[in-house]
Amino acid sequence: METPQKTWDGHASYQWTYFPEEAKQLIQYFLTKRIRGKNLDVGAGWYLYHPNSTAVDFSPAGLAYNPAQEKILFDLESVAEGKTLPVPDHSFNSATLVSVWQYLHHRKKLLKELERVLIPCGEVFII
């Protein structure tokens with residue numbers, strides 16, 4: 001039986017091509033215009049949309065290829081059991097979720113966790 005992590009490793013292998021290059025560039029352009037300070041890239045996979053991002057993903061394969069300087073291996077679904085991201089409160093100016101929202105089962109709990117790690121009035125970009 002395939003584990004959830006193996007499933008996401010497989011997903012990470014094709015996510016690089018999930019969007020055409022033009023779409024990735026448009027997303028990157030939009031985020032570059034909006035993001036100031038540190039960003040938390042939630043469900044980052046292989047691609048880095050903003051250079052000052054910490055990449056969070058459940059897939060070791062996705063994180064291995066992601067060029068982010070800071071990476072966190074974390075199961076986003078574990079927030080349902082009360083687990084928290086291993087980062088201090090109010091440590092990011094923004095969070096991005098590019099092609100992740102539709103896969104989440106516990107969206108409200110994840111948003112509550114993002115509220116904890118973002119500075120007051122921090123922004124969340126769901127694409």
# chains A, B, ... in the order shown; residues from 1 in each chain; ligands from 1

call {"tool": "select_by_dssp", "arguments": {"residues": "chain A", "states": "strand (DSSP E)", "output": "list in words"}}
result
Asn39, Leu40, Asp41, Val42, Ser53, Thr54, Ala55, Val56, Asp57, Glu70, Lys71, Ile72, Leu73, Phe92, Asn93, Ser94, Ala95, Thr96, Leu97, Leu118, Ile119, Pro120, Cys121, Gly122, Glu123, Val124, Phe125 and Ile126 of chain A

call {"tool": "residues_around", "arguments": {"residues": "A:Leu31", "least_positions_apart": "5", "cutoff": "10 Å", "atoms": "only C-alpha atoms", "output": "count of residues only"}}
result
7

call {"tool": "closest_residue", "arguments": {"among": "A:Tyr47, A:Asn66, A:Ile126, A:Gly82", "to": "A:Glu21", "atoms": "only C-alpha atoms"}}
result
A:Tyr47

call {"tool": "atom_distance", "arguments": {"atom1": "atom CA of A:Gln69", "atom2": "atom CA of A:Ser94"}}
result
16.8 Å

call {"tool": "closest_residue", "arguments": {"among": "A:Ile27, A:Glu113, A:Phe58, A:Cys121", "to": "A:Glu81", "atoms": "only C-alpha atoms"}}
result
A:Glu113

call {"tool": "residues_around", "arguments": {"residues": "A:Arg107", "least_positions_apart": "2", "cutoff": "12 Å", "atoms": "only C-alpha atoms", "output": "list in words"}}
result
Leu76, Glu77, Ser78, Val79, Ala80, Leu97, Val100, Trp101, Gln102, Tyr103, Leu104, His105, Lys109, Leu110, Leu111, Lys112, Glu113, Leu114 and Ile126 of chain A

call {"tool": "closest_residue", "arguments": {"among": "A:Ile119, A:Val98, A:Val42, A:Ala64", "to": "A:Ala23", "atoms": "only C-alpha atoms"}}
result
A:Val98

call {"tool": "select_by_dssp", "arguments": {"residues": "stretch 15-91 of chain A", "states": "alpha helix (DSSP H)", "output": "ChimeraX atom specification"}}
result
/A:15,21-34,60-65

call {"tool": "closest_residue", "arguments": {"among": "A:Glu115, A:Asp75, A:Glu22, A:Asp41", "to": "A:His90", "atoms": "only C-alpha atoms"}}
result
A:Glu115
